[in-house]
Structures are given as C-alpha cells and as structure tokens.
>>> print(open('upload.cif').read())   # mmCIF, C-alpha atoms
data_work
loop_
_atom_site.label_atom_id
_atom_site.label_comp_id
_atom_site.auth_asym_id
_atom_site.auth_seq_id
_atom_site.Cartn_x
_atom_site.Cartn_y
_atom_site.Cartn_z
CA MET A 29 133.77 38.30 248.11
CA ALA A 30 130.90 36.05 247.11
CA ALA A 31 128.68 38.04 249.42
CA MET A 32 129.60 41.30 247.70
CA MET A 33 128.78 39.78 244.32
CA ILE A 34 125.22 39.26 245.44
CA ILE A 35 124.77 42.33 247.60
CA VAL A 36 126.00 45.01 245.22
CA PRO A 37 123.68 44.11 242.28
CA LEU A 38 120.86 43.61 244.77
CA ILE A 39 121.29 47.11 246.15
CA MET A 40 121.45 48.56 242.65
CA GLY A 41 118.30 46.65 241.72
CA VAL A 42 116.52 48.01 244.78
CA VAL A 43 117.54 51.57 243.93
CA LEU A 44 116.07 51.09 240.45
CA LEU A 45 112.94 49.57 242.03
CA PHE A 46 112.52 52.67 244.18
CA VAL A 47 113.02 54.88 241.13
CA PHE A 48 110.34 52.85 239.32
CA PHE A 49 107.76 53.11 242.11
CA GLY A 50 108.60 56.74 242.80
CA ARG A 51 108.13 57.63 239.17
CA GLN A 52 104.89 55.66 239.11
CA GLY A 53 103.59 57.61 242.10
CA ALA A 54 104.64 60.95 240.64
CA ALA A 55 102.90 60.04 237.38
CA ALA A 56 99.69 59.03 239.19
CA GLU A 57 99.61 62.42 240.88
CA GLY A 58 100.62 64.19 237.65
CA VAL A 59 97.84 62.73 235.52
CA THR A 60 95.20 63.61 238.15
CA HIS A 61 96.48 67.18 238.18
CA ALA A 62 96.70 67.32 234.37
CA ALA A 63 93.13 66.00 234.08
CA HIS A 64 91.91 68.72 236.42
CA VAL A 65 93.71 71.48 234.54
CA ALA A 66 92.39 70.08 231.24
CA ALA A 67 88.80 69.87 232.50
CA VAL A 68 88.87 73.48 233.72
CA ALA A 69 90.44 74.62 230.44
CA ALA A 70 87.72 72.80 228.48
CA ALA A 71 84.96 74.29 230.63
CA HIS A 72 86.19 77.80 229.80
CA GLU A 73 85.82 77.39 226.04
CA ARG A 74 82.72 78.31 224.10
CA ASP A 75 82.16 75.31 221.83
CA PRO A 76 82.87 71.56 222.01
CA GLY A 77 85.57 71.58 219.34
CA SER A 78 87.77 74.19 220.95
CA ALA A 79 87.00 72.71 224.39
CA GLN A 80 88.50 69.38 223.34
CA GLN A 81 91.48 71.09 221.76
CA ALA A 82 92.05 73.20 224.87
CA ALA A 83 91.82 70.13 227.11
CA ARG A 84 94.34 68.22 225.02
CA ASN A 85 96.80 71.12 224.98
CA ALA A 86 96.40 71.77 228.71
CA ALA A 87 96.92 68.13 229.68
CA THR A 88 99.98 67.70 227.48
CA SER A 89 101.68 70.90 228.59
CA THR A 90 100.86 70.31 232.28
CA LEU A 91 102.44 66.85 232.17
CA SER A 92 105.55 68.01 230.37
CA ALA A 93 105.91 71.00 232.71
CA ALA A 94 105.79 68.58 235.65
CA GLY A 95 108.51 66.51 234.00
CA THR A 96 106.40 63.38 233.61
CA ALA A 97 107.55 61.50 230.52
CA CYS A 98 104.89 59.34 228.89
CA SER A 99 106.04 56.93 226.21
CA GLY A 100 104.00 57.70 223.11
CA GLY A 101 102.67 60.85 224.76
CA PRO A 102 99.71 61.13 227.13
CA ARG A 103 96.32 59.93 225.89
CA VAL A 104 93.53 62.38 226.65
CA SER A 105 89.84 61.56 226.30
CA ILE A 106 87.18 64.20 226.78
CA SER A 107 83.45 63.71 227.13
CA ALA A 108 80.52 65.65 228.51
CA ASP A 109 77.07 64.62 229.66
CA GLN A 110 75.83 67.64 227.74
CA TRP A 111 77.78 70.24 225.79
CA ALA A 112 75.74 73.09 227.23
CA PRO A 113 75.93 75.45 230.20
CA GLY A 114 75.59 73.39 233.37
CA GLY A 115 76.97 70.26 231.71
CA VAL A 116 79.73 68.21 233.31
CA ILE A 117 82.91 67.68 231.30
CA THR A 118 84.93 64.57 232.11
CA VAL A 119 88.59 64.41 231.16
CA THR A 120 90.63 61.23 231.50
CA VAL A 121 94.40 61.31 231.05
CA VAL A 122 96.31 58.06 230.62
CA CYS A 123 100.09 58.04 230.70
CA THR A 124 102.24 54.98 230.04
CA VAL A 125 105.17 55.83 232.25
CA ASP A 126 108.49 55.90 230.44
CA ARG A 127 110.75 53.06 231.66
CA SER A 128 113.36 52.92 228.93
CA ASP A 129 116.15 53.47 231.49
CA LEU A 130 114.89 50.77 233.88
CA ASP A 131 115.43 47.73 231.63
CA ALA A 132 117.90 46.32 234.16
CA ILE A 133 115.13 45.27 236.55
CA GLY A 134 112.66 44.34 233.80
CA ALA A 135 110.20 47.01 234.92
CA PRO A 136 106.72 46.21 233.58
CA ALA A 137 104.82 48.71 231.46
CA ARG A 138 102.38 50.38 233.80
CA SER A 139 100.08 53.22 232.96
CA ALA A 140 98.72 55.86 235.29
CA THR A 141 95.15 57.06 234.84
CA GLY A 142 93.68 60.30 236.17
CA THR A 143 90.10 61.50 235.80
CA SER A 144 88.71 64.89 236.64
CA ARG A 145 85.46 66.68 235.98
CA ALA A 146 84.46 70.30 235.62
CA VAL A 147 81.15 72.08 235.23
CA ILE A 148 80.52 74.39 232.26
CA ASP A 149 79.61 77.85 233.60
CA ARG A 150 75.86 78.29 233.76
CA TYR A 151 75.79 81.93 232.66
CA ARG A 152 78.01 81.79 229.68
CA GLY A 153 77.74 81.98 225.91
CA PHE A 154 78.14 78.46 224.62
CA ASN A 155 77.48 77.04 221.15
CA PRO A 156 76.79 73.32 221.44
CA MET B 8 123.19 31.81 231.76
CA THR B 9 126.48 29.92 232.10
CA ALA B 10 127.94 32.82 234.04
CA ALA B 11 124.98 32.77 236.40
CA ARG B 12 125.25 29.00 236.82
CA GLY B 13 128.95 29.27 237.49
CA LEU B 14 128.27 31.93 240.10
CA LEU B 15 125.62 29.73 241.73
CA ARG B 16 128.02 26.76 241.86
CA ARG B 17 130.71 28.87 243.43
CA LEU B 18 128.25 30.17 245.99
CA ARG B 19 126.98 26.68 246.78
CA ASP B 20 130.47 25.25 247.25
CA ASP B 21 131.53 28.17 249.38
CA ASP B 22 129.67 28.22 252.69
CA ARG B 23 131.76 30.90 254.39
CA GLY B 24 129.51 33.61 255.72
CA SER B 25 126.33 31.92 254.49
CA GLY B 26 124.51 32.72 257.72
CA PHE B 27 125.29 36.35 257.20
CA ILE B 28 123.90 36.27 253.67
CA GLY B 29 120.70 34.57 254.79
CA ALA B 30 120.09 37.13 257.53
CA PHE B 31 121.03 39.93 255.19
CA ILE B 32 118.61 38.84 252.47
CA VAL B 33 115.70 38.54 254.91
CA LEU B 34 116.39 41.95 256.43
CA PHE B 35 116.95 43.45 253.01
CA ALA B 36 113.71 42.05 251.60
CA VAL B 37 111.69 43.39 254.54
CA LEU B 38 113.26 46.84 254.28
CA THR B 39 112.74 46.91 250.50
CA LEU B 40 109.08 45.97 250.82
CA GLY B 41 108.67 48.60 253.50
CA GLY B 42 110.28 51.24 251.30
CA VAL B 43 108.10 50.33 248.33
CA GLY B 44 105.05 50.41 250.60
CA VAL B 45 105.86 53.93 251.79
CA LEU B 46 106.40 55.12 248.20
CA VAL B 47 103.22 53.56 246.77
CA ASP B 48 100.88 54.48 249.61
CA SER B 49 102.14 58.04 250.04
CA ALA B 50 101.68 58.56 246.29
CA ARG B 51 98.11 57.29 246.58
CA ILE B 52 97.41 59.67 249.45
CA VAL B 53 98.82 62.66 247.55
CA SER B 54 96.79 61.68 244.49
CA ALA B 55 93.61 61.40 246.60
CA GLU B 56 94.31 64.84 248.10
CA ARG B 57 94.74 66.32 244.65
CA HIS B 58 91.50 64.74 243.44
CA ALA B 59 89.54 65.80 246.54
CA SER B 60 90.76 69.39 246.34
CA SER B 61 90.00 69.77 242.63
CA SER B 62 86.53 68.24 243.12
CA ALA B 63 85.81 70.54 246.09
CA TYR B 64 86.90 73.55 244.07
CA GLU B 65 84.75 72.54 241.09
CA ALA B 66 81.71 71.89 243.28
CA ALA B 67 82.14 75.28 244.94
CA ARG B 68 82.41 76.94 241.53
CA ALA B 69 79.22 75.23 240.38
CA GLY B 70 77.45 76.29 243.56
CA ALA B 71 78.56 79.92 243.30
CA GLN B 72 76.77 80.19 239.96
CA ALA B 73 73.39 80.09 241.67
CA VAL B 74 72.96 83.86 241.79
CA GLN B 75 69.84 85.70 242.92
CA VAL B 76 68.58 86.54 239.46
CA VAL B 77 65.95 89.06 240.62
CA GLY B 78 68.42 91.05 242.70
CA ALA B 79 71.01 91.10 239.96
CA ARG B 80 68.45 92.22 237.37
CA ASP B 81 67.30 95.08 239.57
CA GLY B 82 70.85 96.36 239.80
CA GLY B 83 71.32 95.29 243.39
CA GLY B 84 74.51 93.43 242.60
CA ALA B 85 74.90 89.69 242.46
CA THR B 86 74.35 87.72 245.63
CA ILE B 87 74.23 83.99 246.06
CA ASP B 88 70.91 82.23 246.36
CA ALA B 89 71.76 80.17 249.46
CA SER B 90 69.51 77.16 248.96
CA GLY B 91 70.06 77.13 245.21
CA ALA B 92 73.82 77.29 245.68
CA ARG B 93 73.76 74.46 248.19
CA ALA B 94 71.68 72.32 245.83
CA ALA B 95 73.87 73.19 242.85
CA ALA B 96 77.08 72.43 244.75
CA LEU B 97 75.75 69.10 246.01
CA ASP B 98 74.41 68.23 242.57
CA ALA B 99 77.74 69.05 240.94
CA ALA B 100 79.64 67.21 243.65
CA ASN B 101 77.52 64.12 243.02
CA GLY B 102 78.57 64.10 239.40
CA LEU B 103 82.17 65.04 240.16
CA LEU B 104 82.75 62.49 242.89
CA SER B 105 80.82 59.52 241.56
CA GLY B 106 82.89 56.39 241.67
CA SER B 107 85.82 57.94 243.54
CA GLY B 108 84.81 57.00 247.09
CA ALA B 109 84.89 60.63 248.22
CA THR B 110 82.02 62.37 249.96
CA VAL B 111 80.99 65.97 250.56
CA THR B 112 81.13 66.61 254.30
CA ASN B 113 80.19 70.28 254.40
CA VAL B 114 78.77 73.04 252.23
CA THR B 115 78.83 76.59 253.61
CA VAL B 116 77.12 79.39 251.70
CA THR B 117 77.59 83.07 252.57
CA ALA B 118 76.41 86.14 250.66
CA ASP B 119 79.21 85.97 248.11
CA GLU B 120 81.07 82.75 248.76
CA VAL B 121 80.51 79.00 248.60
CA VAL B 122 82.83 76.71 250.55
CA VAL B 123 82.74 72.97 249.91
CA THR B 124 84.61 70.39 251.98
CA VAL B 125 85.30 66.97 250.50
CA SER B 126 86.77 64.05 252.40
CA ARG B 127 88.02 60.72 251.22
CA ARG B 128 89.28 57.70 253.12
CA VAL B 129 92.55 56.18 251.89
CA ASP B 130 93.40 52.71 253.14
CA PRO B 131 97.01 51.65 252.60
CA TRP B 132 97.90 48.65 250.44
CA PHE B 133 101.03 47.95 252.48
CA PRO B 134 101.00 47.72 256.28
CA VAL B 135 103.66 50.39 256.67
CA ILE B 136 101.90 53.71 256.94
CA SER B 137 98.50 54.13 258.51
CA GLY B 138 95.36 54.85 256.56
CA ARG B 139 93.96 58.32 256.79
CA THR B 140 91.07 60.48 255.71
CA VAL B 141 92.08 63.33 253.45
CA VAL B 142 89.98 66.46 253.86
CA GLU B 143 90.17 69.22 251.26
CA THR B 144 88.30 72.50 250.99
CA GLY B 145 87.40 74.42 247.87
CA ARG B 146 85.98 77.94 247.85
CA ALA B 147 84.51 80.04 245.09
CA ARG B 148 83.53 83.69 245.31
CA ILE B 149 81.03 85.49 243.12
CA VAL B 150 82.49 88.30 241.04
CA THR B 151 80.79 90.75 238.73
CA GLY B 152 82.15 93.27 236.29
CA ILE B 153 84.26 90.94 234.15
CA THR B 154 83.01 92.01 230.74
CA GLN B 155 85.75 90.75 228.48
CA GLU B 156 88.30 87.98 228.33
CA GLY B 157 92.04 88.39 228.13
CA GLN B 158 94.36 90.95 229.69
#
>>> encode(input="upload.cif", output="structure tokens")
Amino acid sequence: MAAMMIIVPLIMGVVLLFVFFGRQGAAAEGVTHAAHVAAVAAAHERDPGSAQQAARNAATSTLSAAGTACSGGPRVSISADQWAPGGVITVTVVCTVDRSDLDAIGAPARSATGTSRAVIDRYRGFNP
Amino acid sequence: MTAARGLLRRLRDDDRGSGFIGAFIVLFAVLTLGGVGVLVDSARIVSAERHASSSAYEAARAGAQAVQVVGARDGGGATIDASGARAAALDAANGLLSGSGATVTNVTVTADEVVVTVSRRVDPWFPVISGRTVVETGRARIVTGITQEGQ
C-alpha cells in the first residue's frame, strides 16, 4: 500500500513531465515554422510598414493554426538589413509556452525562440 | 507539510517491500530520463530540419532571381545566369544561415531552376538517440508572365 502511494503520484508526475517536454518541443518547431512563414509573408509586401504587419499576422495565425498556445501571445520582432529589393528580412518569434495546466509538477516558464530570414525579391516594386 | 511528514514517517517505519521500491525508483528514473531525452532531442532534430529546409528554399529563391537580363530584354524569355545565380544563392545562404551552424553543401543551377542543399549537424543533449546530420533541399524555378497579384 505504501508503495502504491509513492508510485501512483510518481507516474502521474512523469506523464505531466512528458506532456511538458512534448509541448516544449512542438512549440520549438512551431515558432521556427511561424518565423519562416512570417519572413516570406513580409518579403512579399511592398513597403516596410505593411511587411511588418503581414509578418505579425502570419506568425500569429500560423501558431494558432498549429495549436501552439503562447501565454500573452507570441512576440514577433521584424528587422531587415535594408528595406529594399535584395535586402534580408529577419523575423524572430518568441513564444512563452502555456503551462497553466501543469502546475502540479511546478513546470518552469520556458520560452521557445525561432528565427528565420527571407530575401526581398530583387525585381519588385518596393517603397522603402 | 504535516501530511507529507506523516507519510514519510509511515514509510520509514514500514520496511516491507523497501527493496522493491528502491529498485523501482532507480529503474523508473532511468526510463524517465530516457523518455525525456528522446522527446527533447527528436524535437531539436525536427526543428533543425525545418530551419534547414526553409533556409535552402530561401537561398534557392534568391539565386533564381539572377536572370539573364540581356536575353530577357531581347524577348528571348528569362533564363538563369548560372554564375550569378550561384553567387546570389551562396550570398543569400550566408546571411540566412549565419549563426545557425548549418552549411550549404551543394548549389545546382540549370536553365530555369536553382537547387540548394543545406546540411546541419545535430548532436544530442541526452545519450539516448544518436546524433545525425540533417540534409534538406530547396528548389526554386524561374517563372515569367505573372503580371498581377491575386486570383
């Protein structure tokens, strides 16, 4: 009986631990993918303002479509070495993985970061 | 806390099956660590694959933009300037891959297509699954005649 009192909570804790690491891994893959989609979306716009807006929208909707819940929403930062044809746009997506249902094992707040870059088309109308 | 202490006292005073518990906990800890190792490292490999494939695709797209301007202007259709495309793809790949530990292993340029291969070594954090080199290919083809967006 004493053995069961240790083993059962232990097994439950381990299941939650696997859920935590699995979710962490899925989020790491999700933010990399979202960053790529966002960078391509930004590279297809014609001015920096709408490029940033497009990147933000693309990253947010890609993450939510993949079912990755970020507490406080994903944070998207967009920069470019030059906002001109041939420039490289860098998009970084940071997601603090939601762990509200894993309080039982005291899961630490971990964030997943994904970075991707895309080149602005060289033969393209672009207003810097 | 008192409940936990009471549980501990009961466990200490009761030594039936204690050998079983000891063996169980050791086995359990090893299996748990192994499981976590598989989860974490396989996620890192998938993430590296995703990053390598998107970088390869972007580098190929950058390379395919090196068109033969003279031929296109004379109405001969757009073809890829082979050396320019190779340089553009490598240049773009340099910017795209910097700091990620990935390298471009191959760039193939044909008349209308650029193929870029990117590889990246992933070493595991846990000694459960072996390290591997992920290899991803991205290809971009040159297309003319797209005169408007949408539809």
>>> resolve_selection(input="upload.cif", expression="the PyMOL selection byres ((chain A and resi 56) around 9)", output="list of chain:residue names")
A:Arg51, A:Gln52, A:Gly53, A:Ala54, A:Ala55, A:Glu57, A:Gly58, A:Val59, A:Thr60, A:His61, A:Cys123, A:Ser139, A:Ala140, A:Thr141, A:Gly142, B:Ala50, B:Arg51, B:Ser54
>>> closest_residue(input="upload.cif", among="A:Arg84, A:His64, A:His72, A:Arg103", to="chain B", atoms="all atoms listed in the file")
A:His64
>>> interface_residues(input="upload.cif", of="chain A", to="chain B", cutoff="10 Å", atoms="only C-alpha atoms", output="number ranges by chain")
A: 29-35, 38-39, 42-43, 45-61, 63-65, 67-68, 109, 114-118, 142-151
>>> atom_distance(input="upload.cif", atom1="CA of Ala89 (chain B)", atom2="CA of Val116 (chain B)")
5.9 Å
>>> atom_distance(input="upload.cif", atom1="CA of Arg127 (chain A)", atom2="CA of Ala93 (chain A)")
18.6 Å
>>> resolve_selection(input="upload.cif", expression="the PyMOL selection byres ((chain B and resi 87) around 10)", output="ChimeraX atom specification")
/B:70-76,78-79,85-86,88-93,116-121,148-149
>>> closest_residue(input="upload.cif", among="A:Asn155, A:Gly100, A:Ile133, A:Thr90", to="Pro37 (chain A)", atoms="all atoms listed in the file")
A:Ile133
>>> atom_distance(input="upload.cif", atom1="CA of Val121 (chain A)", atom2="CA of Ile106 (chain A)")
8.9 Å
>>> residues_around(input="upload.cif", residues="Thr124 (chain A)", least_positions_apart="5", cutoff="6 Å", atoms="only C-alpha atoms", output="PDB file with C-alpha atoms, in the frame of the given file")
ATOM      1  CA  CYS A  98     104.890  59.340 228.890  1.00  0.00           C
ATOM      2  CA  SER A  99     106.040  56.930 226.210  1.00  0.00           C
ATOM      3  CA  ARG A 138     102.380  50.380 233.800  1.00  0.00           C
ATOM      4  CA  SER A 139     100.080  53.220 232.960  1.00  0.00           C
TER       5      SER A 139
END
>>> closest_residue(input="upload.cif", among="A:Ala137, A:Ala62, A:Ala69, A:Ala108", to="Ala83 (chain A)", atoms="only C-alpha atoms")
A:Ala69
>>> closest_residue(input="upload.cif", among="B:Val129, B:Ser137, B:Ala67, B:Ala147", to="Val111 (chain B)", atoms="only C-alpha atoms")
B:Ala67
>>> build_atoms(input="upload.cif", residues="region 113-136 of chain A", atoms="N, CA and C atoms", output="PDB file, in the coordinates of the input")
ATOM      1  N   PRO A 113      75.698  74.915 228.859  1.00  0.00           N
ATOM      2  CA  PRO A 113      75.930  75.450 230.200  1.00  0.00           C
ATOM      3  C   PRO A 113      75.306  74.565 231.265  1.00  0.00           C
ATOM      4  N   GLY A 114      76.054  74.279 232.323  1.00  0.00           N
ATOM      5  CA  GLY A 114      75.590  73.390 233.370  1.00  0.00           C
ATOM      6  C   GLY A 114      76.012  71.943 233.160  1.00  0.00           C
ATOM      7  N   GLY A 115      76.529  71.623 231.984  1.00  0.00           N
ATOM      8  CA  GLY A 115      76.970  70.260 231.710  1.00  0.00           C
ATOM      9  C   GLY A 115      78.260  69.927 232.436  1.00  0.00           C
ATOM     10  N   VAL A 116      78.517  68.650 232.622  1.00  0.00           N
ATOM     11  CA  VAL A 116      79.730  68.210 233.310  1.00  0.00           C
ATOM     12  C   VAL A 116      80.689  67.606 232.289  1.00  0.00           C
ATOM     13  N   ILE A 117      81.879  68.182 232.210  1.00  0.00           N
ATOM     14  CA  ILE A 117      82.910  67.680 231.300  1.00  0.00           C
ATOM     15  C   ILE A 117      83.795  66.713 232.069  1.00  0.00           C
ATOM     16  N   THR A 118      84.044  65.550 231.492  1.00  0.00           N
ATOM     17  CA  THR A 118      84.930  64.570 232.110  1.00  0.00           C
ATOM     18  C   THR A 118      86.175  64.418 231.252  1.00  0.00           C
ATOM     19  N   VAL A 119      87.323  64.576 231.870  1.00  0.00           N
ATOM     20  CA  VAL A 119      88.590  64.410 231.160  1.00  0.00           C
ATOM     21  C   VAL A 119      89.373  63.279 231.806  1.00  0.00           C
ATOM     22  N   THR A 120      89.810  62.327 231.001  1.00  0.00           N
ATOM     23  CA  THR A 120      90.630  61.230 231.500  1.00  0.00           C
ATOM     24  C   THR A 120      91.990  61.286 230.806  1.00  0.00           C
ATOM     25  N   VAL A 121      93.043  61.285 231.600  1.00  0.00           N
ATOM     26  CA  VAL A 121      94.400  61.310 231.050  1.00  0.00           C
ATOM     27  C   VAL A 121      95.079  59.997 231.415  1.00  0.00           C
ATOM     28  N   VAL A 122      95.595  59.312 230.402  1.00  0.00           N
ATOM     29  CA  VAL A 122      96.310  58.060 230.620  1.00  0.00           C
ATOM     30  C   VAL A 122      97.745  58.244 230.165  1.00  0.00           C
ATOM     31  N   CYS A 123      98.678  57.881 231.026  1.00  0.00           N
ATOM     32  CA  CYS A 123     100.090  58.040 230.700  1.00  0.00           C
ATOM     33  C   CYS A 123     100.807  56.720 230.933  1.00  0.00           C
ATOM     34  N   THR A 124     101.387  56.157 229.880  1.00  0.00           N
ATOM     35  CA  THR A 124     102.240  54.980 230.040  1.00  0.00           C
ATOM     36  C   THR A 124     103.619  55.481 230.439  1.00  0.00           C
ATOM     37  N   VAL A 125     103.975  55.205 231.692  1.00  0.00           N
ATOM     38  CA  VAL A 125     105.170  55.830 232.250  1.00  0.00           C
ATOM     39  C   VAL A 125     106.411  55.314 231.535  1.00  0.00           C
ATOM     40  N   ASP A 126     107.267  56.246 231.157  1.00  0.00           N
ATOM     41  CA  ASP A 126     108.490  55.900 230.440  1.00  0.00           C
ATOM     42  C   ASP A 126     109.401  55.073 231.353  1.00  0.00           C
ATOM     43  N   ARG A 127     109.897  53.928 230.835  1.00  0.00           N
ATOM     44  CA  ARG A 127     110.750  53.060 231.660  1.00  0.00           C
ATOM     45  C   ARG A 127     111.944  52.590 230.849  1.00  0.00           C
ATOM     46  N   SER A 128     112.293  53.367 229.828  1.00  0.00           N
ATOM     47  CA  SER A 128     113.360  52.920 228.930  1.00  0.00           C
ATOM     48  C   SER A 128     114.690  52.799 229.671  1.00  0.00           C
ATOM     49  N   ASP A 129     114.879  53.549 230.778  1.00  0.00           N
ATOM     50  CA  ASP A 129     116.150  53.470 231.490  1.00  0.00           C
ATOM     51  C   ASP A 129     116.093  52.484 232.660  1.00  0.00           C
ATOM     52  N   LEU A 130     115.007  51.721 232.767  1.00  0.00           N
ATOM     53  CA  LEU A 130     114.890  50.770 233.880  1.00  0.00           C
ATOM     54  C   LEU A 130     114.858  49.328 233.374  1.00  0.00           C
ATOM     55  N   ASP A 131     115.441  49.075 232.191  1.00  0.00           N
ATOM     56  CA  ASP A 131     115.430  47.730 231.630  1.00  0.00           C
ATOM     57  C   ASP A 131     116.138  46.728 232.544  1.00  0.00           C
ATOM     58  N   ALA A 132     117.088  47.214 233.342  1.00  0.00           N
ATOM     59  CA  ALA A 132     117.900  46.320 234.160  1.00  0.00           C
ATOM     60  C   ALA A 132     117.069  45.493 235.132  1.00  0.00           C
ATOM     61  N   ILE A 133     115.946  46.041 235.620  1.00  0.00           N
ATOM     62  CA  ILE A 133     115.130  45.270 236.550  1.00  0.00           C
ATOM     63  C   ILE A 133     113.866  44.743 235.866  1.00  0.00           C
ATOM     64  N   GLY A 134     113.816  44.858 234.531  1.00  0.00           N
ATOM     65  CA  GLY A 134     112.660  44.340 233.800  1.00  0.00           C
ATOM     66  C   GLY A 134     111.366  44.982 234.262  1.00  0.00           C
ATOM     67  N   ALA A 135     111.377  46.309 234.426  1.00  0.00           N
ATOM     68  CA  ALA A 135     110.200  47.010 234.920  1.00  0.00           C
ATOM     69  C   ALA A 135     109.036  46.813 233.948  1.00  0.00           C
ATOM     70  N   PRO A 136     107.865  46.430 234.466  1.00  0.00           N
ATOM     71  CA  PRO A 136     106.720  46.210 233.580  1.00  0.00           C
ATOM     72  C   PRO A 136     106.140  47.545 233.107  1.00  0.00           C
TER      73      PRO A 136
END
